[in-house]
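J.: Can you keep this structure in mind? I'll have questions shortly.
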Amino acid sequence: MTTPLAHPAGRAALVATARALAARSLVHGRTGNVSLRVDDGTILVTPTGADLTTVLPADLSVIDAEGAHLEGPPPSKEAFLHAAVLRARPEARAVVHTHSPHAAAVSCLDGLDPDDALPPLTAYYALRVGRLALLPYCAPGDVRLAGYAEEKARTHAALLLRHHGPLVAAPGLDAALEAADELEQTARIHLLLRGTDHSHLTEEQRAELTTPQTPSPVSLFSALAIKKALDDTLLEAFTSTTGIGVDGVYEPTNVLLDQIEAGARPDVLVGVTGALEKLAAAGVLDASSLRPLARVGIGVAVPPGAPAVDVSSTDALVRALTSARSVAYSRTGASGVAFATLLDRLGIAEEVNSRATVVQKGFTALAVTDGRADLAVQQLSELRFVPDAHVVGPLPGEVQHYTDLSVALGAAAAHRPEAAALLRHLTATPARDAYRAAGLEEPHR
């Protein structure tokens with residue numbers, strides 16, 4: 001059995017950036033490399049000799065903060081350079097190094113300012129790149145370059161290697177890509193203007209431009225139903241590309257509502273649609289941002305290695321529930337409330353509840369993996385969050401209960417770009433794919 005790769009979403013985002021560099025002609029042949037620092041402090045980096053047009057997530061190398069190779073193929077021979085820059089810039093996650101032709105040409109010119117090698121010809125260059133530091137020439141792979149880069153990177157997010165090419169660091173892969181592209185276009189303009197009368201931005205004009213700050217984290221309150229999708233791919237992909245962190249709180253919607261009633265005000269809220277609609281009507285959420293996200297049904301899980309239980313019909317479900325030593329379910333989540341009502345409808349509430357394992361909150365499938373119960377009932381996406389439990393199926397259609405989930409911005413975060421970015425990410429097509437993989441369905445619109 002193949003061991004899953006760590007940080008799959010970060011790997012996918014890094015590969016997408018590598019492909020974008022090639023598509024924009026910022027790299028050629030087997031030149032250029034990209035890195036991403038992930039949450040455990042290790043660094044994903046393209047391997048040595050990689051063609052960025054064909055590199056795959058499984059091809060990436062993993063190095064530590066000092067540049068030592070930990071796993072995967074041998075890293076780029078300039079991996080130590082990426083590690084040095086990331087050590088110097090703790091707010092950065094991504095580094096892009098290219099051999100783009102116009103920037104490389106500038107690196108060969110005489111008379112460059114070592115702290116400002118490329119003049120500020122446009123406002124976008126000043127905003128996205130800032131000041132470009134010039135590093136002395138070293139042969140490719142010369143580890144002396146690490147010391148030069150680490151020193152300059154403390155004050156400069158963009159470096160120009162003499163007779164080589166540029167390197168930029170940024171909070172996320174998207175910003176690093178855009179800075180590398182802007183640097184190359186400005187280098188091209190600079191070369192076109194050589195020998196002509198032209199002007200630069202003045203220091204006063206530079207100072208008037210608002211330098212992008214490291215984005216502050218977004219606070220997210222989310223129902224447990226989408227936690228698997230968030231943990232598996234969505235949040236890692238979001239932070240890798242945007243550089244925006246997410247401070248998440250994951251509880252049943254009713255528990256989140258209690259926290260909001262007590263004064264909590266998240267930037268983004270994911271929960272049961274009806275509850276969010278009421279909060280929007282009360283002005284707690286921004287009503288114009290309310291979006292349907294997904295819907296999820298209730299399922300049944302058994303312990304690992306246990307025989308499958310038939311739940312394909314209502315009669316079969318009743319037999320399974322009444323013959324189980326104990327059934328685990330939660331009474332605080334939407335699925336638990338619906339299941340308790342179903343037990344009453346089926347006339348088996350007293351029998352099942354007399355030996356039920358009632359979970360206050362959290363994942364009920366943990367009760368079948370630790371031996372407390374024979375069956376666990378919860379939303380399918382929540383059952384799948386416990387990989388050792390075996391999901392035997394959804395409730396039969398005639399007794400199935402779907403929970404509709406939506407997402408919205410907090411009223412105070414309605415004009416906060418970081419929160420709006422997370423909302424877009426959670427409602428985009430790749431997110432819907434992640435929800436389906438986690439056991440959720442398309443919402444009814």
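In the structure tokens, the first chain shown is A, the next is B, and so on; residue numbers restart at 1 for each chain, and ligands run from 1 in the order shown.
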Select from segment 6-44 of chain A everything DSSP, run on the backbone, classes as strand (DSSP E), then give the selection as a list of chain:residue names.
T.: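 These are the residues in question: A:Asn33, A:Val34, A:Ser35, A:Leu36, A:Arg37, A:Ile43, A:Leu44.
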J.: Generate a file of the selected residues that holds N, CA, C and O atoms, formatted as a PDB file, in the first residue's frame.
T.:
ATOM      1  N   ASN A  33      13.509  27.303  -9.835  1.00  0.00           N
ATOM      2  CA  ASN A  33      13.039  26.437  -8.768  1.00  0.00           C
ATOM      3  C   ASN A  33      12.084  27.201  -7.864  1.00  0.00           C
ATOM      4  O   ASN A  33      12.072  28.428  -7.821  1.00  0.00           O
ATOM      5  N   VAL A  34      11.255  26.457  -7.162  1.00  0.00           N
ATOM      6  CA  VAL A  34      10.199  27.013  -6.308  1.00  0.00           C
ATOM      7  C   VAL A  34      10.216  26.270  -4.985  1.00  0.00           C
ATOM      8  O   VAL A  34      10.471  25.057  -4.948  1.00  0.00           O
ATOM      9  N   SER A  35       9.926  26.978  -3.907  1.00  0.00           N
ATOM     10  CA  SER A  35       9.835  26.315  -2.607  1.00  0.00           C
ATOM     11  C   SER A  35       8.645  26.858  -1.822  1.00  0.00           C
ATOM     12  O   SER A  35       8.153  27.959  -2.076  1.00  0.00           O
ATOM     13  N   LEU A  36       8.211  26.056  -0.858  1.00  0.00           N
ATOM     14  CA  LEU A  36       7.085  26.425   0.009  1.00  0.00           C
ATOM     15  C   LEU A  36       7.348  25.885   1.398  1.00  0.00           C
ATOM     16  O   LEU A  36       7.552  24.685   1.581  1.00  0.00           O
ATOM     17  N   ARG A  37       7.327  26.783   2.382  1.00  0.00           N
ATOM     18  CA  ARG A  37       7.447  26.340   3.777  1.00  0.00           C
ATOM     19  C   ARG A  37       6.056  25.959   4.275  1.00  0.00           C
ATOM     20  O   ARG A  37       5.123  26.755   4.204  1.00  0.00           O
ATOM     21  N   ILE A  43      10.329  22.360   4.322  1.00  0.00           N
ATOM     22  CA  ILE A  43      10.227  23.128   3.077  1.00  0.00           C
ATOM     23  C   ILE A  43      10.109  22.159   1.906  1.00  0.00           C
ATOM     24  O   ILE A  43      10.949  21.270   1.739  1.00  0.00           O
ATOM     25  N   LEU A  44       9.058  22.333   1.113  1.00  0.00           N
ATOM     26  CA  LEU A  44       8.927  21.610  -0.146  1.00  0.00           C
ATOM     27  C   LEU A  44       9.672  22.391  -1.217  1.00  0.00           C
ATOM     28  O   LEU A  44       9.542  23.611  -1.300  1.00  0.00           O
TER      29      LEU A  44
END
J.: Could you give me, as JSON lines, a per-residue list for segment 271-338 of chain A showing, wherever an atom lies at most 10 Å from an atom of segment 342-363 of chain A, the closest pair of atoms and their distance in Å to one decimal, using only C-alpha atoms and sorting by chain then residue number from low to high?
T.:
{"residue": "A:Thr314", "atom": "CA", "partner": "A:Leu346", "partner_atom": "CA", "distance": 8.9}
{"residue": "A:Asp315", "atom": "CA", "partner": "A:Leu346", "partner_atom": "CA", "distance": 9.7}
{"residue": "A:Val318", "atom": "CA", "partner": "A:Leu346", "partner_atom": "CA", "distance": 7.7}
{"residue": "A:Leu321", "atom": "CA", "partner": "A:Val352", "partner_atom": "CA", "distance": 6.8}
{"residue": "A:Thr322", "atom": "CA", "partner": "A:Val352", "partner_atom": "CA", "distance": 6.0}
{"residue": "A:Ser323", "atom": "CA", "partner": "A:Val352", "partner_atom": "CA", "distance": 8.9}
{"residue": "A:Ala324", "atom": "CA", "partner": "A:Val352", "partner_atom": "CA", "distance": 8.4}
{"residue": "A:Arg325", "atom": "CA", "partner": "A:Arg355", "partner_atom": "CA", "distance": 7.2}
{"residue": "A:Ser326", "atom": "CA", "partner": "A:Ala356", "partner_atom": "CA", "distance": 4.9}
{"residue": "A:Val327", "atom": "CA", "partner": "A:Ala356", "partner_atom": "CA", "distance": 4.9}
{"residue": "A:Ala328", "atom": "CA", "partner": "A:Thr357", "partner_atom": "CA", "distance": 4.4}
{"residue": "A:Tyr329", "atom": "CA", "partner": "A:Val358", "partner_atom": "CA", "distance": 5.4}
{"residue": "A:Ser330", "atom": "CA", "partner": "A:Val359", "partner_atom": "CA", "distance": 4.6}
{"residue": "A:Arg331", "atom": "CA", "partner": "A:Gln360", "partner_atom": "CA", "distance": 6.6}
{"residue": "A:Thr332", "atom": "CA", "partner": "A:Lys361", "partner_atom": "CA", "distance": 6.2}
{"residue": "A:Gly333", "atom": "CA", "partner": "A:Lys361", "partner_atom": "CA", "distance": 7.2}
{"residue": "A:Gly336", "atom": "CA", "partner": "A:Val358", "partner_atom": "CA", "distance": 9.2}
{"residue": "A:Val337", "atom": "CA", "partner": "A:Leu342", "partner_atom": "CA", "distance": 8.8}
{"residue": "A:Ala338", "atom": "CA", "partner": "A:Leu342", "partner_atom": "CA", "distance": 6.2}
J.: Please save N, CA, C and O atoms of the selected residues as a CSV table (one decimal), in the first residue's frame.
T.:
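Output file out.csv follows:
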chain,number,residue,atom,x,y,z
A,314,THR,N,-35.3,0.5,5.8
A,314,THR,CA,-35.7,0.9,7.1
A,314,THR,C,-35.8,-0.3,8.1
A,314,THR,O,-35.3,-0.2,9.2
A,315,ASP,N,-36.3,-1.4,7.6
A,315,ASP,CA,-36.4,-2.6,8.4
A,315,ASP,C,-35.0,-3.1,8.8
A,315,ASP,O,-34.8,-3.5,10.0
A,318,VAL,N,-33.5,-0.8,11.5
A,318,VAL,CA,-34.1,-1.0,12.8
A,318,VAL,C,-33.5,-2.3,13.4
A,318,VAL,O,-33.1,-2.3,14.6
A,321,LEU,N,-29.9,-1.4,14.6
A,321,LEU,CA,-29.9,-0.5,15.8
A,321,LEU,C,-30.3,-1.2,17.0
A,321,LEU,O,-29.7,-1.0,18.1
A,322,THR,N,-31.3,-2.0,16.9
A,322,THR,CA,-31.9,-2.7,18.1
A,322,THR,C,-31.0,-3.9,18.6
A,322,THR,O,-31.1,-4.3,19.7
A,323,SER,N,-30.2,-4.4,17.6
A,323,SER,CA,-29.4,-5.6,18.0
A,323,SER,C,-28.0,-5.2,18.4
A,323,SER,O,-27.2,-6.0,18.9
A,324,ALA,N,-27.6,-3.9,18.3
A,324,ALA,CA,-26.3,-3.4,18.6
A,324,ALA,C,-26.1,-3.4,20.1
A,324,ALA,O,-27.1,-3.0,20.9
A,325,ARG,N,-24.9,-3.7,20.6
A,325,ARG,CA,-24.6,-3.6,22.0
A,325,ARG,C,-24.8,-2.1,22.5
A,325,ARG,O,-25.4,-1.9,23.5
A,326,SER,N,-24.3,-1.2,21.6
A,326,SER,CA,-24.5,0.2,21.9
A,326,SER,C,-24.4,1.0,20.6
A,326,SER,O,-23.6,0.6,19.7
A,327,VAL,N,-25.2,2.0,20.5
A,327,VAL,CA,-25.1,2.9,19.3
A,327,VAL,C,-24.6,4.3,19.8
A,327,VAL,O,-25.2,4.9,20.8
A,328,ALA,N,-23.6,4.8,19.1
A,328,ALA,CA,-23.0,6.1,19.5
A,328,ALA,C,-23.6,7.2,18.6
A,328,ALA,O,-23.6,7.0,17.4
A,329,TYR,N,-24.1,8.3,19.2
A,329,TYR,CA,-24.5,9.4,18.5
A,329,TYR,C,-24.4,10.7,19.4
A,329,TYR,O,-24.2,10.6,20.6
A,330,SER,N,-24.4,11.8,18.8
A,330,SER,CA,-24.3,13.1,19.5
A,330,SER,C,-25.6,13.8,19.5
A,330,SER,O,-26.3,13.9,18.5
A,331,ARG,N,-26.0,14.4,20.6
A,331,ARG,CA,-27.2,15.1,20.7
A,331,ARG,C,-27.1,16.6,20.5
A,331,ARG,O,-28.0,17.4,20.5
A,332,THR,N,-25.8,17.1,20.3
A,332,THR,CA,-25.6,18.5,20.1
A,332,THR,C,-25.5,18.9,18.6
A,332,THR,O,-25.9,20.0,18.3
A,333,GLY,N,-25.1,18.0,17.8
A,333,GLY,CA,-25.0,18.3,16.3
A,333,GLY,C,-26.3,18.1,15.6
A,333,GLY,O,-27.3,17.5,16.1
A,336,GLY,N,-27.3,14.5,15.2
A,336,GLY,CA,-27.8,13.8,16.4
A,336,GLY,C,-29.2,14.2,16.8
A,336,GLY,O,-30.0,13.3,17.2
A,337,VAL,N,-29.5,15.5,16.6
A,337,VAL,CA,-30.9,15.9,16.8
A,337,VAL,C,-31.9,15.2,15.9
A,337,VAL,O,-32.9,14.7,16.3
A,338,ALA,N,-31.5,15.1,14.6
A,338,ALA,CA,-32.3,14.4,13.6
A,338,ALA,C,-32.4,12.9,13.9
A,338,ALA,O,-33.5,12.3,13.8
J.: Taking only C-alpha atoms into account, name the residue in A:Glu398, A:Glu151, A:Glu178, A:Asp433 that is nearest to Ala94 of chain A.
T.: A:Glu178
J.: Rounded to one decimal in Å, what is the spacing between atom CA of Ala146 of chain A and atom CA of Pro8 of chain A?
T.: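 Between atom CA of Ala146 of chain A and atom CA of Pro8 of chain A the gap works out to 28.3 Å.
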J.: Calculated over only C-alpha atoms, which of the candidates A:Thr155, A:Ser406, A:Thr48, A:Ser100 has the smallest distance to Pro443 of chain A?
T.: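 For Pro443 of chain A, the nearest of the given residues is A:Ser406.
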J.: Among the residues of segment 145-374 of chain A, find those DSSP assigns to helix (DSSP H, G or I) from the backbone and print them as a ChimeraX atom specification.
T.: /A:145-153,173-193,203-208,224-242,253-261,273-281,287-289,314-323,334-346,349-353,366-369
J.: Find the distance between atom CA of Thr53 of chain A and atom CA of Ala13 of chain A and write it in Å to one decimal.
T.: 13.8 Å
J.: Hey, what's within 7 Å of segment 263-267 of chain A if we count only C-alpha atoms and toss same-chain stuff fewer than 4 positions away? As an mmCIF file with N, CA, C and O atoms, in the first residue's frame, please?
T.:
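What follows is the written file result_16.cif:
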data_model
loop_
_atom_site.group_PDB
_atom_site.id
_atom_site.type_symbol
_atom_site.label_atom_id
_atom_site.label_comp_id
_atom_site.auth_asym_id
_atom_site.auth_seq_id
_atom_site.Cartn_x
_atom_site.Cartn_y
_atom_site.Cartn_z
ATOM 1 N N VAL A 218 -7.314 34.871 9.279
ATOM 2 C CA VAL A 218 -8.779 34.949 9.259
ATOM 3 C C VAL A 218 -9.309 34.002 10.328
ATOM 4 O O VAL A 218 -8.849 32.864 10.453
ATOM 5 N N SER A 219 -10.293 34.475 11.105
ATOM 6 C CA SER A 219 -10.928 33.594 12.088
ATOM 7 C C SER A 219 -12.109 32.893 11.436
ATOM 8 O O SER A 219 -12.973 33.525 10.828
ATOM 9 N N LEU A 220 -12.112 31.578 11.526
ATOM 10 C CA LEU A 220 -13.143 30.746 10.908
ATOM 11 C C LEU A 220 -13.841 29.916 11.973
ATOM 12 O O LEU A 220 -13.188 29.211 12.737
ATOM 13 N N PHE A 221 -15.160 30.029 12.045
ATOM 14 C CA PHE A 221 -15.982 29.104 12.827
ATOM 15 C C PHE A 221 -16.617 28.144 11.824
ATOM 16 O O PHE A 221 -17.256 28.581 10.866
ATOM 17 N N GLN A 259 -21.416 30.205 21.243
ATOM 18 C CA GLN A 259 -20.249 31.085 21.353
ATOM 19 C C GLN A 259 -20.537 32.455 20.742
ATOM 20 O O GLN A 259 -20.094 33.483 21.255
ATOM 21 N N LEU A 409 -19.773 35.798 5.607
ATOM 22 C CA LEU A 409 -18.836 36.664 6.310
ATOM 23 C C LEU A 409 -19.509 37.261 7.535
ATOM 24 O O LEU A 409 -20.706 37.572 7.507
ATOM 25 N N GLY A 410 -18.717 37.439 8.586
ATOM 26 C CA GLY A 410 -19.214 38.213 9.704
ATOM 27 C C GLY A 410 -19.453 39.650 9.277
ATOM 28 O O GLY A 410 -18.772 40.161 8.385
ATOM 29 N N ALA A 413 -16.510 41.785 9.144
ATOM 30 C CA ALA A 413 -15.466 41.373 8.204
ATOM 31 C C ALA A 413 -15.899 41.534 6.752
ATOM 32 O O ALA A 413 -15.186 41.108 5.840
ATOM 33 N N ALA A 419 -10.796 37.939 4.546
ATOM 34 C CA ALA A 419 -12.001 37.137 4.780
ATOM 35 C C ALA A 419 -12.726 36.853 3.477
ATOM 36 O O ALA A 419 -13.196 35.736 3.242
#
J.: Please, which residues in segment 165-246 of chain A fall within 9 Å of segment 438-442 of chain A when counting only C-alpha atoms, and what is the closest atom pair and distance in Å to one decimal for each, ordered by chain then residue number, as CSV?
T.:
residue,atom,partner,partner_atom,distance
A:Ala225,CA,A:Leu440,CA,8.2
A:Ile226,CA,A:Ala438,CA,7.6
A:Lys227,CA,A:Ala438,CA,8.9
A:Lys228,CA,A:Ala438,CA,6.2
A:Ala229,CA,A:Ala438,CA,5.6
A:Asp232,CA,A:Ala438,CA,8.8
J.: In terms of the shortest atom-to-atom distance over only C-alpha atoms, which of A:Ala176, A:Ala408, A:Arg194, A:Leu183 is closest to Leu276 of chain A?
T.: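 Using only C-alpha atoms, the shortest distance to Leu276 of chain A belongs to A:Ala408.
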J.: Would you mind telling me which residue in A:Gly41, A:Pro119, A:Pro430, A:Pro114 lies nearest to Ala237 of chain A when using only C-alpha atoms?
T.: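 When distances to Ala237 of chain A are compared using only C-alpha atoms, the smallest one comes from A:Pro430.
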J.: Quick one: residues within 9 Å of Tyr125 of chain A, only C-alpha atoms, excluding same-chain residues fewer than 4 positions away - as a list in words?
T.: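 The neighbour list is Pro120, Leu121, Val129, Gly130, Arg131, Ala179, Glu182, Leu183, Gln185 and Thr186 of chain A.
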J.: Would you export the selected residues with all heavy atoms as a PDB file, in the first residue's frame, please?
T.:
ATOM      1  N   PRO A 120      12.873  52.171  -9.749  1.00  0.00           N
ATOM      2  CA  PRO A 120      11.422  52.070  -9.597  1.00  0.00           C
ATOM      3  C   PRO A 120      10.706  52.786 -10.749  1.00  0.00           C
ATOM      4  O   PRO A 120      10.334  53.957 -10.640  1.00  0.00           O
ATOM      5  CB  PRO A 120      11.174  52.763  -8.257  1.00  0.00           C
ATOM      6  CG  PRO A 120      12.267  53.775  -8.140  1.00  0.00           C
ATOM      7  CD  PRO A 120      13.466  53.153  -8.807  1.00  0.00           C
ATOM      8  N   LEU A 121      10.502  52.072 -11.828  1.00  0.00           N
ATOM      9  CA  LEU A 121       9.912  52.680 -13.020  1.00  0.00           C
ATOM     10  C   LEU A 121       8.384  52.727 -12.959  1.00  0.00           C
ATOM     11  O   LEU A 121       7.769  53.596 -13.578  1.00  0.00           O
ATOM     12  CB  LEU A 121      10.347  51.899 -14.265  1.00  0.00           C
ATOM     13  CG  LEU A 121      11.855  51.931 -14.547  1.00  0.00           C
ATOM     14  CD1 LEU A 121      12.203  50.958 -15.661  1.00  0.00           C
ATOM     15  CD2 LEU A 121      12.297  53.344 -14.913  1.00  0.00           C
ATOM     16  N   VAL A 129       7.470  44.457  -5.597  1.00  0.00           N
ATOM     17  CA  VAL A 129       8.867  44.030  -5.450  1.00  0.00           C
ATOM     18  C   VAL A 129       9.586  44.845  -4.394  1.00  0.00           C
ATOM     19  O   VAL A 129      10.330  44.313  -3.578  1.00  0.00           O
ATOM     20  CB  VAL A 129       9.612  44.117  -6.803  1.00  0.00           C
ATOM     21  CG1 VAL A 129      11.059  43.675  -6.637  1.00  0.00           C
ATOM     22  CG2 VAL A 129       8.904  43.276  -7.857  1.00  0.00           C
ATOM     23  N   GLY A 130       9.389  46.157  -4.399  1.00  0.00           N
ATOM     24  CA  GLY A 130      10.086  47.018  -3.443  1.00  0.00           C
ATOM     25  C   GLY A 130      11.469  47.366  -3.948  1.00  0.00           C
ATOM     26  O   GLY A 130      11.630  47.886  -5.042  1.00  0.00           O
ATOM     27  N   ARG A 131      12.476  47.048  -3.177  1.00  0.00           N
ATOM     28  CA  ARG A 131      13.869  47.307  -3.563  1.00  0.00           C
ATOM     29  C   ARG A 131      14.570  45.979  -3.821  1.00  0.00           C
ATOM     30  O   ARG A 131      14.427  45.023  -3.059  1.00  0.00           O
ATOM     31  CB  ARG A 131      14.596  48.107  -2.483  1.00  0.00           C
ATOM     32  CG  ARG A 131      13.991  49.488  -2.272  1.00  0.00           C
ATOM     33  CD  ARG A 131      14.666  50.237  -1.134  1.00  0.00           C
ATOM     34  NE  ARG A 131      13.923  51.442  -0.814  1.00  0.00           N
ATOM     35  CZ  ARG A 131      14.118  52.628  -1.373  1.00  0.00           C
ATOM     36  NH1 ARG A 131      15.097  52.770  -2.268  1.00  0.00           N
ATOM     37  NH2 ARG A 131      13.388  53.657  -1.042  1.00  0.00           N
ATOM     38  N   ALA A 179       5.251  38.820  -8.022  1.00  0.00           N
ATOM     39  CA  ALA A 179       6.442  39.651  -7.840  1.00  0.00           C
ATOM     40  C   ALA A 179       7.522  39.277  -8.855  1.00  0.00           C
ATOM     41  O   ALA A 179       8.183  40.159  -9.429  1.00  0.00           O
ATOM     42  CB  ALA A 179       6.966  39.511  -6.415  1.00  0.00           C
ATOM     43  N   GLU A 182       6.413  40.707 -12.172  1.00  0.00           N
ATOM     44  CA  GLU A 182       6.554  42.168 -12.197  1.00  0.00           C
ATOM     45  C   GLU A 182       8.018  42.575 -12.305  1.00  0.00           C
ATOM     46  O   GLU A 182       8.372  43.528 -13.029  1.00  0.00           O
ATOM     47  CB  GLU A 182       5.936  42.769 -10.933  1.00  0.00           C
ATOM     48  CG  GLU A 182       5.741  44.273 -10.979  1.00  0.00           C
ATOM     49  CD  GLU A 182       4.676  44.678 -11.988  1.00  0.00           C
ATOM     50  OE1 GLU A 182       3.622  44.030 -12.055  1.00  0.00           O
ATOM     51  OE2 GLU A 182       4.918  45.664 -12.728  1.00  0.00           O
ATOM     52  N   LEU A 183       8.887  41.850 -11.608  1.00  0.00           N
ATOM     53  CA  LEU A 183      10.323  42.140 -11.670  1.00  0.00           C
ATOM     54  C   LEU A 183      10.836  41.948 -13.097  1.00  0.00           C
ATOM     55  O   LEU A 183      11.586  42.793 -13.624  1.00  0.00           O
ATOM     56  CB  LEU A 183      11.058  41.226 -10.689  1.00  0.00           C
ATOM     57  CG  LEU A 183      12.498  41.580 -10.309  1.00  0.00           C
ATOM     58  CD1 LEU A 183      12.856  40.895  -8.998  1.00  0.00           C
ATOM     59  CD2 LEU A 183      13.501  41.189 -11.371  1.00  0.00           C
ATOM     60  N   GLN A 185       9.129  42.070 -15.943  1.00  0.00           N
ATOM     61  CA  GLN A 185       8.594  43.095 -16.850  1.00  0.00           C
ATOM     62  C   GLN A 185       9.278  44.447 -16.630  1.00  0.00           C
ATOM     63  O   GLN A 185       9.534  45.189 -17.588  1.00  0.00           O
ATOM     64  CB  GLN A 185       7.081  43.219 -16.668  1.00  0.00           C
ATOM     65  CG  GLN A 185       6.299  41.967 -17.036  1.00  0.00           C
ATOM     66  CD  GLN A 185       6.633  41.467 -18.434  1.00  0.00           C
ATOM     67  OE1 GLN A 185       6.739  42.241 -19.395  1.00  0.00           O
ATOM     68  NE2 GLN A 185       6.830  40.161 -18.569  1.00  0.00           N
ATOM     69  N   THR A 186       9.583  44.769 -15.386  1.00  0.00           N
ATOM     70  CA  THR A 186      10.279  46.029 -15.103  1.00  0.00           C
ATOM     71  C   THR A 186      11.707  45.987 -15.631  1.00  0.00           C
ATOM     72  O   THR A 186      12.231  46.996 -16.138  1.00  0.00           O
ATOM     73  CB  THR A 186      10.257  46.322 -13.592  1.00  0.00           C
ATOM     74  OG1 THR A 186       8.890  46.319 -13.146  1.00  0.00           O
ATOM     75  CG2 THR A 186      10.879  47.668 -13.279  1.00  0.00           C
TER      76      THR A 186
END
J.: Have a look at atom CA of Asp115 of chain A and atom CA of Ser25 of chain A and let me know their distance in Å, one decimal.
T.: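 Computing it gives 26.4 Å between the two atoms.
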J.: Taking only C-alpha atoms into account, which of A:Ala139, A:Ala437, A:Cys108, A:Val391 comes nearest Gly305 of chain A?
T.: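 Of all the options, A:Val391 lies closest to Gly305 of chain A.
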J.: Let me make sure I understand: among A:Thr122, A:Gln378, A:Gly165, A:Ala22, which one has the smallest atom-to-atom distance to Ser199 of chain A if we use only C-alpha atoms?
T.: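 Comparing A:Thr122, A:Gln378, A:Gly165, A:Ala22 against Ser199 of chain A, the winner is A:Thr122.
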J.: Using only C-alpha atoms, which residues sit within 10 Å of segment 56-67 of chain A once same-chain residues fewer than 4 positions away are excluded, as number ranges by chain?
T.: A: 4-16, 18-19, 34-37, 40-48, 50-52, 71-76, 78-87, 146
